[in-house]
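What follows is the content of target_33.csv (CSV, C-alpha atoms (C1' of nucleotides)).
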chain,number,residue,atom,x,y,z
W,1,MET,CA,0.0,0.0,0.0
W,2,SER,CA,1.2,3.5,-0.7
W,3,GLN,CA,-0.7,4.8,2.4
W,4,ASP,CA,2.5,4.5,4.4
W,5,GLY,CA,4.7,6.1,1.8
W,6,ILE,CA,7.3,8.8,2.5
W,7,ASP,CA,5.5,11.3,4.7
W,8,LEU,CA,6.1,14.6,3.0
W,9,GLU,CA,5.1,16.5,6.1
W,10,THR,CA,8.0,15.1,8.2
W,11,SER,CA,10.5,13.8,5.6
W,12,LEU,CA,13.9,15.3,6.0
W,13,GLY,CA,14.7,14.5,2.4
W,14,TYR,CA,11.7,16.5,1.2
W,15,LEU,CA,12.5,19.3,3.6
W,16,LEU,CA,16.1,19.4,2.3
W,17,LYS,CA,14.8,19.8,-1.3
W,18,GLU,CA,12.4,22.5,-0.1
W,19,ALA,CA,15.2,24.4,1.6
W,20,SER,CA,17.4,24.1,-1.4
W,21,SER,CA,14.6,25.3,-3.7
W,22,ALA,CA,13.9,28.3,-1.5
W,23,LEU,CA,17.6,29.2,-1.5
W,24,ARG,CA,17.8,28.8,-5.2
W,25,VAL,CA,14.8,31.0,-5.7
W,26,ALA,CA,16.2,33.7,-3.4
W,27,MET,CA,19.5,33.7,-5.1
W,28,GLU,CA,18.0,33.9,-8.5
W,29,ALA,CA,16.0,36.9,-7.3
W,30,VAL,CA,19.0,38.9,-6.3
W,31,LEU,CA,21.2,37.7,-9.1
W,32,ARG,CA,18.8,38.3,-11.9
W,33,PRO,CA,19.1,42.2,-11.8
W,34,LEU,CA,22.9,41.6,-12.3
W,35,GLY,CA,22.2,39.5,-15.3
W,36,MET,CA,23.6,36.4,-13.6
W,37,THR,CA,22.4,32.9,-13.0
W,38,VAL,CA,23.3,30.8,-9.9
W,39,THR,CA,25.7,28.5,-11.9
W,40,HIS,CA,27.2,31.6,-13.5
W,41,TYR,CA,27.9,33.1,-10.1
W,42,SER,CA,29.1,29.8,-8.7
W,43,CYS,CA,31.7,29.5,-11.5
W,44,LEU,CA,33.1,33.0,-10.8
W,45,GLU,CA,33.2,32.5,-7.0
W,46,LEU,CA,35.0,29.2,-7.4
W,47,LEU,CA,37.5,30.8,-9.7
W,48,ALA,CA,38.1,33.6,-7.3
W,49,GLN,CA,39.0,31.3,-4.5
W,50,ARG,CA,40.8,28.7,-6.6
W,51,PRO,CA,42.4,30.4,-9.6
W,52,GLY,CA,43.4,28.1,-12.3
W,53,LEU,CA,40.7,25.5,-11.9
W,54,SER,CA,39.9,23.5,-15.0
W,55,SER,CA,36.4,23.3,-16.6
W,56,SER,CA,35.9,19.8,-15.2
W,57,GLU,CA,36.9,20.9,-11.7
W,58,LEU,CA,34.5,23.9,-11.9
W,59,ALA,CA,31.7,21.6,-13.0
W,60,ARG,CA,32.2,19.4,-9.9
W,61,GLY,CA,32.2,22.5,-7.7
W,62,ALA,CA,29.1,23.9,-9.2
W,63,PHE,CA,27.3,20.5,-9.3
W,64,VAL,CA,26.7,20.3,-13.0
W,65,THR,CA,28.2,18.2,-15.7
W,66,ARG,CA,31.5,19.1,-17.4
W,67,GLN,CA,29.6,19.6,-20.7
W,68,SER,CA,27.4,22.2,-19.2
W,69,MET,CA,30.2,24.0,-17.5
W,70,ASN,CA,32.1,24.0,-20.8
W,71,VAL,CA,29.4,25.9,-22.7
W,72,LEU,CA,29.1,28.3,-19.8
W,73,LEU,CA,32.8,28.9,-19.7
W,74,HIS,CA,32.9,29.6,-23.4
W,75,THR,CA,30.2,32.2,-22.9
W,76,LEU,CA,32.0,33.8,-20.0
W,77,GLU,CA,35.2,33.8,-22.0
W,78,ARG,CA,33.5,35.4,-25.0
W,79,ASP,CA,32.0,38.1,-22.7
W,80,GLY,CA,35.4,38.8,-21.1
W,81,TYR,CA,34.8,37.5,-17.6
W,82,VAL,CA,37.4,34.7,-17.7
W,83,THR,CA,40.4,33.8,-19.7
W,84,ARG,CA,41.8,30.5,-20.7
W,85,PRO,CA,45.0,29.7,-22.6
W,86,ALA,CA,44.6,28.8,-26.2
W,87,GLU,CA,46.6,25.6,-25.7
W,88,ALA,CA,47.1,23.3,-22.8
W,89,ARG,CA,50.6,23.4,-21.2
W,90,VAL,CA,50.1,20.0,-19.8
W,91,GLY,CA,47.7,17.3,-20.9
W,92,LYS,CA,44.4,18.8,-22.1
W,93,VAL,CA,43.7,20.9,-19.0
W,94,LEU,CA,42.9,24.5,-19.7
W,95,PRO,CA,43.2,26.5,-16.4
W,96,ALA,CA,40.8,29.3,-16.2
W,97,GLN,CA,41.4,32.8,-14.6
W,98,LEU,CA,39.1,35.7,-13.7
W,99,THR,CA,39.7,38.9,-15.6
W,100,GLU,CA,39.4,42.3,-14.0
W,101,ARG,CA,35.9,42.5,-15.4
W,102,GLY,CA,35.0,39.1,-13.9
W,103,ARG,CA,36.3,40.2,-10.5
W,104,GLN,CA,34.2,43.3,-10.5
W,105,SER,CA,31.1,41.5,-11.6
W,106,LEU,CA,31.7,38.9,-8.9
W,107,ASP,CA,32.1,41.5,-6.2
W,108,GLU,CA,28.6,42.8,-6.9
W,109,ALA,CA,27.2,39.3,-6.9
W,110,THR,CA,29.0,38.3,-3.7
W,111,ALA,CA,27.4,41.2,-1.8
W,112,ALA,CA,23.9,40.1,-3.1
W,113,VAL,CA,24.5,36.5,-2.3
W,114,ARG,CA,25.9,37.3,1.1
W,115,SER,CA,22.7,39.2,2.0
W,116,VAL,CA,20.7,36.1,1.1
W,117,GLU,CA,22.9,33.9,3.3
W,118,VAL,CA,22.7,36.3,6.2
W,119,ARG,CA,18.9,36.3,5.9
W,120,MET,CA,18.8,32.6,5.8
W,121,LEU,CA,21.0,32.3,8.9
W,122,GLY,CA,19.2,35.1,10.8
W,123,GLY,CA,18.7,34.3,14.4
W,124,MET,CA,20.7,31.1,14.4
W,125,THR,CA,23.4,30.9,17.1
W,126,ALA,CA,26.9,29.8,16.3
W,127,ASP,CA,26.2,26.5,18.0
W,128,GLU,CA,23.2,25.9,15.8
W,129,GLN,CA,25.1,26.8,12.7
W,130,ALA,CA,27.9,24.4,13.7
W,131,GLY,CA,25.3,21.7,14.3
W,132,ALA,CA,23.7,22.3,10.9
W,133,TYR,CA,27.1,22.1,9.3
W,134,ARG,CA,27.9,18.8,10.9
W,135,THR,CA,24.5,17.4,10.1
W,136,LEU,CA,24.6,18.3,6.4
W,137,GLN,CA,28.2,17.0,6.0
W,138,GLY,CA,27.1,13.7,7.6
W,139,MET,CA,24.2,13.4,5.1
W,140,ILE,CA,26.5,14.2,2.2
W,141,HIS,CA,29.0,11.7,3.2
W,142,ARG,CA,26.5,8.9,3.7
W,143,LEU,CA,24.7,9.6,0.5
W,144,ARG,CA,27.9,9.3,-1.5
W,145,ASP,CA,29.4,6.4,0.4
W,146,ASP,CA,28.2,3.4,-1.6
W,147,LEU,CA,28.3,4.7,-5.1
P,1,MET,CA,38.0,42.7,-3.1
P,2,SER,CA,36.7,39.3,-3.8
P,3,GLN,CA,39.3,37.8,-1.5
P,4,ASP,CA,36.8,37.8,1.3
P,5,GLY,CA,33.9,36.4,-0.7
P,6,ILE,CA,31.6,33.7,0.4
P,7,ASP,CA,33.9,31.0,1.8
P,8,LEU,CA,32.9,27.9,0.0
P,9,GLU,CA,34.5,25.7,2.6
P,10,THR,CA,32.3,26.9,5.5
P,11,SER,CA,29.2,28.4,3.8
P,12,LEU,CA,26.0,26.7,4.9
P,13,GLY,CA,24.4,27.8,1.7
P,14,TYR,CA,27.0,26.0,-0.4
P,15,LEU,CA,26.7,23.0,1.9
P,16,LEU,CA,22.9,23.0,1.5
P,17,LYS,CA,23.3,23.0,-2.2
P,18,GLU,CA,25.8,20.2,-2.0
P,19,ALA,CA,23.6,18.1,0.2
P,20,SER,CA,20.6,18.6,-2.1
P,21,SER,CA,22.7,17.7,-5.1
P,22,ALA,CA,23.9,14.5,-3.4
P,23,LEU,CA,20.4,13.6,-2.5
P,24,ARG,CA,19.2,14.2,-6.1
P,25,VAL,CA,22.0,12.1,-7.5
P,26,ALA,CA,21.2,9.3,-5.1
P,27,MET,CA,17.5,9.4,-5.9
P,28,GLU,CA,18.1,9.5,-9.6
P,29,ALA,CA,20.3,6.5,-9.3
P,30,VAL,CA,17.6,4.3,-7.6
P,31,LEU,CA,14.7,5.7,-9.7
P,32,ARG,CA,16.4,5.3,-13.1
P,33,PRO,CA,16.0,1.5,-13.1
P,34,LEU,CA,12.3,2.1,-12.6
P,35,GLY,CA,12.2,4.5,-15.5
P,36,MET,CA,11.3,7.4,-13.2
P,37,THR,CA,12.7,10.8,-12.6
P,38,VAL,CA,12.6,12.7,-9.3
P,39,THR,CA,9.9,15.1,-10.4
P,40,HIS,CA,7.9,12.1,-11.8
P,41,TYR,CA,8.2,10.4,-8.4
P,42,SER,CA,7.4,13.5,-6.5
P,43,CYS,CA,4.2,14.0,-8.5
P,44,LEU,CA,3.0,10.4,-7.8
P,45,GLU,CA,3.9,10.7,-4.1
P,46,LEU,CA,2.0,13.9,-3.7
P,47,LEU,CA,-1.0,12.5,-5.4
P,48,ALA,CA,-1.0,9.5,-3.2
P,49,GLN,CA,-1.1,11.6,0.0
P,50,ARG,CA,-3.4,14.3,-1.3
P,51,PRO,CA,-5.7,12.9,-4.0
P,52,GLY,CA,-7.4,15.4,-6.2
P,53,LEU,CA,-4.5,17.9,-6.2
P,54,SER,CA,-4.5,20.3,-9.2
P,55,SER,CA,-1.6,20.6,-11.6
P,56,SER,CA,-0.6,24.0,-10.1
P,57,GLU,CA,-0.7,22.6,-6.6
P,58,LEU,CA,1.4,19.6,-7.7
P,59,ALA,CA,3.9,22.1,-9.2
P,60,ARG,CA,4.3,23.9,-6.0
P,61,GLY,CA,4.7,20.7,-4.1
P,62,ALA,CA,7.4,19.4,-6.5
P,63,PHE,CA,9.1,22.8,-6.7
P,64,VAL,CA,8.7,23.3,-10.5
P,65,THR,CA,6.6,25.7,-12.5
P,66,ARG,CA,3.0,24.9,-13.3
P,67,GLN,CA,4.0,24.7,-17.0
P,68,SER,CA,6.5,22.0,-16.3
P,69,MET,CA,4.1,20.0,-14.2
P,70,ASN,CA,1.5,20.3,-16.9
P,71,VAL,CA,3.6,18.6,-19.5
P,72,LEU,CA,4.6,15.9,-17.0
P,73,LEU,CA,1.0,15.4,-16.0
P,74,HIS,CA,0.0,15.0,-19.7
P,75,THR,CA,2.7,12.3,-20.1
P,76,LEU,CA,1.6,10.5,-16.9
P,77,GLU,CA,-2.0,10.6,-18.1
P,78,ARG,CA,-1.1,9.3,-21.5
P,79,ASP,CA,0.8,6.4,-20.0
P,80,GLY,CA,-2.0,5.6,-17.6
P,81,TYR,CA,-0.5,6.6,-14.2
P,82,VAL,CA,-3.0,9.3,-13.4
P,83,THR,CA,-6.4,10.4,-14.6
P,84,ARG,CA,-8.0,13.8,-14.8
P,85,PRO,CA,-11.6,14.7,-15.7
P,86,ALA,CA,-12.0,16.0,-19.3
P,87,GLU,CA,-13.8,19.1,-18.0
P,88,ALA,CA,-13.6,21.1,-14.9
P,89,ARG,CA,-16.5,20.8,-12.4
P,90,VAL,CA,-15.6,24.1,-10.9
P,91,GLY,CA,-13.5,26.9,-12.4
P,92,LYS,CA,-10.7,25.6,-14.5
P,93,VAL,CA,-9.2,23.2,-11.9
P,94,LEU,CA,-8.7,19.6,-13.0
P,95,PRO,CA,-8.2,17.4,-10.0
P,96,ALA,CA,-5.8,14.5,-10.7
P,97,GLN,CA,-6.0,11.0,-9.3
P,98,LEU,CA,-3.7,8.0,-9.3
P,99,THR,CA,-4.7,5.0,-11.3
P,100,GLU,CA,-4.1,1.5,-10.1
P,101,ARG,CA,-1.0,1.3,-12.3
P,102,GLY,CA,0.2,4.6,-10.8
P,103,ARG,CA,-0.2,3.2,-7.3
P,104,GLN,CA,1.8,0.1,-8.1
P,105,SER,CA,4.5,2.1,-9.8
P,106,LEU,CA,4.7,4.4,-6.8
P,107,ASP,CA,5.0,1.5,-4.4
P,108,GLU,CA,8.2,0.3,-6.1
P,109,ALA,CA,9.6,3.9,-6.2
P,110,THR,CA,8.7,4.6,-2.6
P,111,ALA,CA,10.7,1.6,-1.4
P,112,ALA,CA,13.7,2.7,-3.4
P,113,VAL,CA,13.5,6.3,-2.2
P,114,ARG,CA,13.0,5.2,1.4
P,115,SER,CA,16.2,3.2,1.2
P,116,VAL,CA,18.0,6.4,0.2
P,117,GLU,CA,16.5,8.4,3.0
P,118,VAL,CA,17.4,5.7,5.5
P,119,ARG,CA,20.9,5.8,4.3
P,120,MET,CA,21.1,9.5,4.5
P,121,LEU,CA,19.8,9.5,8.1
P,122,GLY,CA,21.9,6.6,9.1
P,123,GLY,CA,23.4,7.1,12.6
P,124,MET,CA,21.5,10.2,13.4
P,125,THR,CA,19.7,10.2,16.7
P,126,ALA,CA,16.0,11.3,17.0
P,127,ASP,CA,17.2,14.5,18.6
P,128,GLU,CA,19.6,15.2,15.8
P,129,GLN,CA,16.9,14.6,13.3
P,130,ALA,CA,14.5,16.9,15.1
P,131,GLY,CA,17.2,19.6,15.3
P,132,ALA,CA,17.9,19.3,11.6
P,133,TYR,CA,14.2,19.6,11.0
P,134,ARG,CA,13.8,22.8,13.0
P,135,THR,CA,16.9,24.3,11.4
P,136,LEU,CA,15.8,23.6,7.8
P,137,GLN,CA,12.3,24.9,8.5
P,138,GLY,CA,13.8,28.1,10.0
P,139,MET,CA,15.9,28.6,6.9
P,140,ILE,CA,13.0,28.1,4.6
P,141,HIS,CA,10.8,30.5,6.5
P,142,ARG,CA,13.4,33.3,6.6
P,143,LEU,CA,14.3,32.8,2.9
P,144,ARG,CA,10.6,33.2,1.9
P,145,ASP,CA,9.8,35.9,4.3
P,146,ASP,CA,10.4,39.1,2.4
P,147,LEU,CA,9.4,38.1,-1.1
T,1,DT,C1',58.5,-1.2,-21.7
T,2,DC,C1',53.7,-1.4,-22.9
T,3,DG,C1',48.9,-1.7,-22.0
T,4,DT,C1',45.1,-0.3,-19.2
T,5,DT,C1',42.8,3.0,-16.8
T,6,DC,C1',41.5,7.5,-15.7
T,7,DG,C1',40.5,12.4,-16.5
T,8,DT,C1',39.9,16.0,-19.7
T,9,DG,C1',37.9,18.7,-23.6
T,10,DT,C1',34.7,18.6,-27.1
T,11,DC,C1',30.8,17.6,-30.5
T,12,DA,C1',26.0,16.3,-31.3
T,13,DG,C1',21.4,15.4,-30.1
T,14,DT,C1',17.7,15.3,-26.7
T,15,DT,C1',15.1,16.4,-22.7
T,16,DG,C1',13.5,19.1,-19.1
T,17,DT,C1',12.4,23.4,-17.3
T,18,DC,C1',11.9,28.1,-17.6
T,19,DT,C1',9.9,32.8,-19.2
T,20,DG,C1',6.3,35.3,-21.4
T,21,DA,C1',1.8,35.6,-22.7
T,22,DC,C1',-3.2,34.8,-23.1
T,23,DA,C1',-8.1,33.6,-22.0
T,24,DT,C1',-11.0,31.9,-18.5
T,25,DG,C1',-13.5,31.3,-14.2
T,26,DG,C1',-13.9,32.3,-8.9
T,27,DC,C1',-13.4,35.7,-5.2
T,28,DC,C1',-14.1,39.6,-2.9
T,29,DG,C1',-14.7,44.9,-1.9
T,30,DA,C1',-16.5,49.1,-3.4
C,1,DT,C1',-24.2,44.7,-8.9
C,2,DC,C1',-19.9,45.1,-11.0
C,3,DG,C1',-15.0,45.9,-11.4
C,4,DG,C1',-10.5,44.6,-10.1
C,5,DC,C1',-7.7,40.9,-8.5
C,6,DC,C1',-6.0,36.4,-8.3
C,7,DA,C1',-5.3,31.5,-9.6
C,8,DT,C1',-5.7,28.2,-13.1
C,9,DG,C1',-4.8,25.8,-17.6
C,10,DT,C1',-2.6,26.3,-21.7
C,11,DC,C1',0.3,27.6,-25.8
C,12,DA,C1',4.7,29.0,-27.9
C,13,DG,C1',9.5,29.8,-27.8
C,14,DA,C1',14.1,30.0,-25.5
C,15,DC,C1',17.5,28.2,-22.8
C,16,DA,C1',20.0,25.4,-19.7
C,17,DA,C1',21.4,21.0,-18.5
C,18,DC,C1',21.6,16.3,-19.5
C,19,DT,C1',23.2,11.7,-22.0
C,20,DG,C1',26.1,9.5,-25.2
C,21,DA,C1',30.1,9.3,-27.7
C,22,DC,C1',34.8,10.3,-29.3
C,23,DA,C1',39.9,11.4,-29.2
C,24,DC,C1',43.7,12.7,-26.6
C,25,DG,C1',47.2,12.9,-22.9
C,26,DA,C1',48.9,11.5,-18.2
C,27,DA,C1',49.5,8.1,-14.6
C,28,DC,C1',50.0,3.8,-12.9
C,29,DG,C1',51.0,-1.2,-12.6
C,30,DA,C1',52.3,-5.6,-14.7

Whole structure given in structure tokens:
Amino acid sequence: MSQDGIDLETSLGYLLKEASSALRVAMEAVLRPLGMTVTHYSCLELLAQRPGLSSSELARGAFVTRQSMNVLLHTLERDGYVTRPAEARVGKVLPAQLTERGRQSLDEATAAVRSVEVRMLGGMTADEQAGAYRTLQGMIHRLRDDL
Amino acid sequence: MSQDGIDLETSLGYLLKEASSALRVAMEAVLRPLGMTVTHYSCLELLAQRPGLSSSELARGAFVTRQSMNVLLHTLERDGYVTRPAEARVGKVLPAQLTERGRQSLDEATAAVRSVEVRMLGGMTADEQAGAYRTLQGMIHRLRDDL
DNA sequence: TCGTTCGTGTCAGTTGTCTGACATGGCCGA
DNA sequence: TCGGCCATGTCAGACAACTGACACGAACGA
């Protein structure tokens, strides 16, 4: 019987999806005026913190396929936000770098995204945040364990 | 400067997205053999627990637009998983119902999804789960507050 | 040394979801 | 009563992301 299915009212999986959806919607709302999508922003933020990342590494960091990241990266390159060498120095890896324009664009976006995160965390104590951090990391670890 | 941007290593927002991504990947992995996507499953599960939901209500419950849910619902109807009246009894709302085939299909999927959720929650105490529940609900509430 | 395995970049085609727009039918408040 | 407002279902087009496939170079073990 499906009467005893996953109870959507109490399921942590459903709630996790709901929270993620709410976060995505909120981020899209503040990023849209800047002409940016969430993946777009994620890519720039990753590059700022880890310059020289390859397209595949960026893809893993932004939770999309390397094919998707590749087309995004070509767009960002065409529009002058990032640069990549024309040829690989080693293997086939093309390390990407932020341009000055990319950095400026990222700074605006970071401020907007930070405001969303601050709002999301509003009222939570440091202990509660630490607890949430451990909980989420535990979930991630167990979900990926037996693949 | 972007040096002090959102720290991806400690950001709860990033971790939330990561956890959601891991959950989605794990669910896709167990649902794929059944020929089902996550949205597909979500739709059936919602209908099982709340028979008579409209397409728009299902869309909100599955966190997609009503346009997306509409095309999915037409497919499910064509394949005999759900039924909808040809005409609206009141307004334009077309309440959907699971067919017997839909119920059977859902039962398989529910077992698979439950195994994922059990794995994700493995080792967490009831207190920890309750804490995670409150934390996520707080985040959702605050994120949606000022829209 | 050589062969296997892995990661990367890329091309092509498909699918899913989204935005924008429209008409329609309830639901109030003036 | 009626006008505005809202939610619904639907159509069309655009776009983002996916799957599948291929070639190439590096890394590792036999």

Same-sequence superposition of chain P onto chain W, all C-alpha, as a compact mmCIF listing (two decimals) with C-alpha atoms, in the frame of the given file:
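Generated output (superposed-v4.txt):
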# COMPACT_ATOMS: atom_id res chain seq x y z
CA MET P 1 0.17 -0.01 -0.02
CA SER P 2 1.27 3.46 -0.73
CA GLN P 3 -0.63 4.72 2.29
CA ASP P 4 2.52 4.50 4.33
CA GLY P 5 4.81 6.11 1.77
CA ILE P 6 7.34 8.74 2.47
CA ASP P 7 5.51 11.27 4.66
CA LEU P 8 6.04 14.53 2.94
CA GLU P 9 5.19 16.47 6.05
CA THR P 10 8.06 15.05 8.16
CA SER P 11 10.60 13.75 5.59
CA LEU P 12 13.99 15.39 5.96
CA GLY P 13 14.69 14.60 2.37
CA TYR P 14 11.65 16.54 1.19
CA LEU P 15 12.57 19.33 3.59
CA LEU P 16 16.13 19.42 2.22
CA LYS P 17 14.78 19.74 -1.24
CA GLU P 18 12.45 22.47 -0.15
CA ALA P 19 15.17 24.40 1.58
CA SER P 20 17.46 24.15 -1.46
CA SER P 21 14.66 25.28 -3.71
CA ALA P 22 13.97 28.30 -1.48
CA LEU P 23 17.60 29.17 -1.45
CA ARG P 24 17.81 28.90 -5.28
CA VAL P 25 14.77 31.08 -5.71
CA ALA P 26 16.19 33.67 -3.36
CA MET P 27 19.55 33.69 -5.10
CA GLU P 28 18.01 33.90 -8.51
CA ALA P 29 15.99 36.84 -7.39
CA VAL P 30 19.06 38.92 -6.26
CA LEU P 31 21.30 37.74 -9.16
CA ARG P 32 18.78 38.42 -11.95
CA PRO P 33 19.21 42.21 -11.72
CA LEU P 34 22.90 41.62 -12.25
CA GLY P 35 22.22 39.48 -15.28
CA MET P 36 23.66 36.41 -13.56
CA THR P 37 22.43 32.95 -12.92
CA VAL P 38 23.37 30.77 -9.94
CA THR P 39 25.67 28.51 -11.91
CA HIS P 40 27.26 31.65 -13.51
CA TYR P 41 27.87 33.04 -10.01
CA SER P 42 29.11 29.79 -8.67
CA CYS P 43 31.67 29.52 -11.47
CA LEU P 44 33.05 33.06 -10.79
CA GLU P 45 33.14 32.42 -7.02
CA LEU P 46 35.05 29.22 -7.41
CA LEU P 47 37.52 30.81 -9.70
CA ALA P 48 38.12 33.60 -7.32
CA GLN P 49 39.03 31.23 -4.46
CA ARG P 50 40.88 28.69 -6.54
CA PRO P 51 42.41 30.35 -9.61
CA GLY P 52 43.46 28.08 -12.39
CA LEU P 53 40.63 25.55 -11.86
CA SER P 54 39.83 23.42 -14.96
CA SER P 55 36.40 23.29 -16.54
CA SER P 56 35.79 19.76 -15.14
CA GLU P 57 36.82 20.85 -11.67
CA LEU P 58 34.53 23.91 -11.92
CA ALA P 59 31.70 21.51 -12.93
CA ARG P 60 32.13 19.43 -9.91
CA GLY P 61 32.27 22.45 -7.70
CA ALA P 62 29.05 23.92 -9.19
CA PHE P 63 27.33 20.53 -9.24
CA VAL P 64 26.72 20.37 -13.04
CA THR P 65 28.20 18.18 -15.72
CA ARG P 66 31.48 19.10 -17.36
CA GLN P 67 29.55 19.61 -20.64
CA SER P 68 27.35 22.20 -19.08
CA MET P 69 30.23 24.04 -17.50
CA ASN P 70 32.03 24.02 -20.80
CA VAL P 71 29.35 25.91 -22.61
CA LEU P 72 29.06 28.36 -19.70
CA LEU P 73 32.80 28.82 -19.63
CA HIS P 74 32.81 29.56 -23.42
CA THR P 75 30.12 32.25 -22.86
CA LEU P 76 32.03 33.78 -19.91
CA GLU P 77 35.20 33.83 -22.01
CA ARG P 78 33.45 35.41 -24.93
CA ASP P 79 32.04 38.14 -22.74
CA GLY P 80 35.37 38.77 -21.08
CA TYR P 81 34.80 37.45 -17.51
CA VAL P 82 37.40 34.73 -17.63
CA THR P 83 40.36 33.78 -19.77
CA ARG P 84 41.82 30.44 -20.68
CA PRO P 85 45.05 29.67 -22.56
CA ALA P 86 44.49 28.69 -26.24
CA GLU P 87 46.53 25.52 -25.73
CA ALA P 88 47.13 23.25 -22.87
CA ARG P 89 50.58 23.37 -21.20
CA VAL P 90 50.07 19.94 -19.81
CA GLY P 91 47.62 17.25 -20.96
CA LYS P 92 44.39 18.69 -22.13
CA VAL P 93 43.64 20.83 -19.03
CA LEU P 94 42.90 24.51 -19.64
CA PRO P 95 43.22 26.43 -16.43
CA ALA P 96 40.75 29.35 -16.22
CA GLN P 97 41.34 32.71 -14.62
CA LEU P 98 39.15 35.67 -13.76
CA THR P 99 39.63 38.85 -15.68
CA GLU P 100 39.39 42.22 -14.06
CA ARG P 101 35.83 42.57 -15.35
CA GLY P 102 35.03 39.14 -13.89
CA ARG P 103 36.34 40.23 -10.50
CA GLN P 104 34.23 43.36 -10.48
CA SER P 105 31.16 41.48 -11.59
CA LEU P 106 31.73 38.92 -8.85
CA ASP P 107 32.09 41.60 -6.21
CA GLU P 108 28.57 42.90 -6.91
CA ALA P 109 27.16 39.30 -6.96
CA THR P 110 28.95 38.30 -3.79
CA ALA P 111 27.36 41.15 -1.85
CA ALA P 112 23.94 40.19 -3.09
CA VAL P 113 24.41 36.50 -2.31
CA ARG P 114 25.84 37.29 1.12
CA SER P 115 22.72 39.26 1.94
CA VAL P 116 20.69 36.13 1.16
CA GLU P 117 22.84 33.91 3.28
CA VAL P 118 22.65 36.37 6.16
CA ARG P 119 18.96 36.33 5.91
CA MET P 120 18.78 32.62 5.83
CA LEU P 121 20.97 32.33 8.95
CA GLY P 122 19.23 35.10 10.71
CA GLY P 123 18.69 34.27 14.42
CA MET P 124 20.70 31.14 14.43
CA THR P 125 23.30 30.87 17.13
CA ALA P 126 26.94 29.80 16.36
CA ASP P 127 26.17 26.46 17.93
CA GLU P 128 23.11 25.97 15.80
CA GLN P 129 25.08 26.83 12.74
CA ALA P 130 27.84 24.41 13.65
CA GLY P 131 25.26 21.67 14.30
CA ALA P 132 23.62 22.28 10.95
CA TYR P 133 27.04 22.09 9.39
CA ARG P 134 27.91 18.73 10.93
CA THR P 135 24.49 17.33 10.06
CA LEU P 136 24.62 18.36 6.37
CA GLN P 137 28.17 17.05 6.02
CA GLY P 138 27.08 13.71 7.57
CA MET P 139 24.24 13.46 5.09
CA ILE P 140 26.45 14.20 2.17
CA HIS P 141 29.04 11.67 3.21
CA ARG P 142 26.53 8.84 3.74
CA LEU P 143 24.71 9.65 0.46
CA ARG P 144 28.01 9.39 -1.50
CA ASP P 145 29.38 6.50 0.36
CA ASP P 146 28.28 3.47 -1.59
CA LEU P 147 28.34 4.79 -5.13

(message) Give me, as a VMD selection string, all polymer residues having an atom no more than 7 Å from Leu94 (chain P), counting only C-alpha atoms (C1' of nucleotides) and skipping those fewer than 2 positions away in the same chain.
(response) chain P and resid 54 84 to 85 88 92 96

(message) Could you tell me which residues of chain W sit within 7 Å of chain P when counting only C-alpha atoms, and give me the result as a PyMOL selection string?
(response) chain W and resi 1-2+5-6+12-13+15-17+19-23+26+48+63+103+107+110+114+117+119-121+132-133+136+139-140+142-144

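With distances taken over all atoms listed in the file, C:DC11 is the one residue among C:DA26, C:DA17, C:DC2, C:DC11 lying closest to chain P.
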
(message) Residues within 8 Å of (-1.4, 23.9, -20.4), file coordinates, counting all atoms listed in the file: what are they? Give the list as a ChimeraX atom specification.
(response) /P:67,70-71 /C:9-11

Could you save the residues just selected, with C-alpha atoms (C1' of nucleotides), as a short mmCIF file (atom, residue, chain, number, x, y, z; two decimals), in the coordinates of the input?
data_model
loop_
_atom_site.label_atom_id
_atom_site.label_comp_id
_atom_site.auth_asym_id
_atom_site.auth_seq_id
_atom_site.Cartn_x
_atom_site.Cartn_y
_atom_site.Cartn_z
CA GLN P 67 4.00 24.70 -17.00
CA ASN P 70 1.50 20.30 -16.90
CA VAL P 71 3.60 18.60 -19.50
"C1'" DG C 9 -4.80 25.80 -17.60
"C1'" DT C 10 -2.60 26.30 -21.70
"C1'" DC C 11 0.30 27.60 -25.80
#

(request) Name all residues at most 9 Å from region 25-28 of chain T (count all atoms listed in the file; drop same-chain ones fewer than 3 positions away) and give them as a list in words. (result) Val90, Gly91 and Lys92 of chain P; DC5, DC6, DA7 and DT8 of chain C

(request) Identify the residues within 12 Å of coordinate (38.6, 8.2, -15.2) (same frame as the file), considering all atoms listed in the file, and give the answer as a list of chain:residue names. (result) W:Ser56, T:DT4, T:DT5, T:DC6, T:DG7, T:DT8, C:DA26, C:DA27

(request) Identify which of the residues T:DT24, T:DT10, T:DT17, T:DG29 lies closest to chain W, counting only C-alpha atoms (C1' of nucleotides) when measuring atom-to-atom distances. (result) T:DT10

(message) Quick check, in Å to one decimal: how far apart do CA of Arg89 (chain W) and CA of Ser55 (chain W) lie?
(response) 14.9 Å

(request) Have a look at CA of Thr37 (chain P) and CA of Thr37 (chain W) and let me know their distance in Å, one decimal. (result)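 Going from CA of Thr37 (chain P) over to CA of Thr37 (chain W), I get 24.1 Å.
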
(request) Go through T:DA21, T:DA30, T:DA12, T:DC2 and flag the residue nearest chain W, using all atoms listed in the file for the distances. (result)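 Looking at the shortest contact to chain W, the residue is T:DA12.
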
(request) Show which residues sit within 10 Å of DC18 (chain C), as a PyMOL selection string. Count all atoms listed in the file, and ignore same-chain residues fewer than 3 positions away. (result) (chain W and resi 64-65+67-68) or (chain T and resi 14-16)

(request) List the neighbours of DG3 (chain T) out to 12 Å using all atoms listed in the file; skip same-chain residues closer than 5 positions along the sequence, and give me the result as a PyMOL selection string. (result) chain C and resi 28-30

At a cut-off of 7 Å, using all atoms listed in the file, what residues contact Tyr81 (chain W)? Leave out same-chain residues fewer than 2 positions from it and give the result as a short mmCIF file (atom, residue, chain, number, x, y, z; two decimals) with C-alpha atoms, keeping the file's coordinate frame.
data_model
loop_
_atom_site.label_atom_id
_atom_site.label_comp_id
_atom_site.auth_asym_id
_atom_site.auth_seq_id
_atom_site.Cartn_x
_atom_site.Cartn_y
_atom_site.Cartn_z
CA LEU W 76 32.00 33.80 -20.00
CA GLU W 77 35.20 33.80 -22.00
CA ASP W 79 32.00 38.10 -22.70
CA LEU W 98 39.10 35.70 -13.70
CA THR W 99 39.70 38.90 -15.60
CA ARG W 101 35.90 42.50 -15.40
CA GLY W 102 35.00 39.10 -13.90
#
